[in-house]
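K.L.:
Sharing a structure, written as structure tokens. Questions coming.
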Amino acid sequence: MAGVSIPGLNYGPIEDAAATAEVSGIEIMSFSCEPFMVPAPHVFGKCRLITEFEKISFVGEGTYGSVYKVRDKKNDKIVALKKLKLPKEHLSLPMNFIREINILKQLHHDNITNLLGVAVGRVFDR
């Protein structure tokens, strides 16, 4: 595609294009990006807070995390909660965690637990 020119397309700086007769009457304005503050109830999206669960007992440990038996304080149900082990060097969720969540969302089988949701938080000691 190199060397192909498009008629009427100016490849120079935008200030030069605004000075030409072809674009007279068009106002060029810059967009200032003001920081957008996300409202507190929407910070975690559809995720719940880890503080909404009460730890009952430790169930087991796998490659990617530990599983706990917990009580959901919101509706008083007993559920399993998997606490993922995040490597210190990762700033975001590793791809294998995202894959596991997506698979569990789509999977519905009698011998496999259903994914009810995702909980977020830093401390899960209580």
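Each chain in the structure tokens gets a letter, A, B and so on, in the order shown; residues start at 1 in every chain, and ligands are counted from 1 in the order they appear.
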Find the residues near A:Lys74: any atom within 10 Å, counting only C-alpha atoms, skip ones fewer than 3 places away on the same chain, and give them as number ranges by chain.
P.N.:
A: 52-53, 71, 77
K.L.:
Between A:Glu89, A:Asp110, A:Asp72, A:Glu100, which has the minimum distance to A:Arg48 (counting only C-alpha atoms)?
P.N.:
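The answer is A:Asp72, which sits nearest to A:Arg48.
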K.L.:
Do you know which residues are at most 10 Å from A:Val79 counting only C-alpha atoms, after dropping those on the same chain fewer than 5 positions away, and could you put them as a ChimeraX atom specification?
P.N.:
/A:53,55-56,68-72,113,116
K.L.:
To one decimal in Å, tell me the separation between atom CA of A:Cys47 and atom CA of A:Val123.
P.N.:
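These atoms are spaced 15.4 Å apart.
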K.L.:
Determine the nearest neighbour of A:Met95 from the options A:Glu54, A:Val59, A:Asp76, A:Tyr64, counting only C-alpha atoms.
P.N.:
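Once distances to A:Met95 are computed over only C-alpha atoms, the minimum belongs to A:Tyr64.
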K.L.:
So how many Å separate atom CA of A:Val118 and atom CA of A:Lys46, to one decimal?
P.N.:
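Here the two named atoms are 7.9 Å from each other.
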K.L.:
Measuring between only C-alpha atoms, which one of A:Met37, A:Ala119, A:Leu81, A:Leu93 shows the shortest distance to A:Phe58?
P.N.:
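When distances to A:Phe58 are compared using only C-alpha atoms, the smallest one comes from A:Leu81.
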K.L.:
What's the 12 Å shell around A:Glu61, counting only C-alpha atoms, without same-chain residues fewer than 5 positions away, as a ChimeraX atom specification?
P.N.:
/A:66-68,81-85
K.L.:
One number please: atom CA of A:Ile78 to atom CA of A:Ser57, in Å, one decimal.
P.N.:
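So the answer is 11.0 Å.
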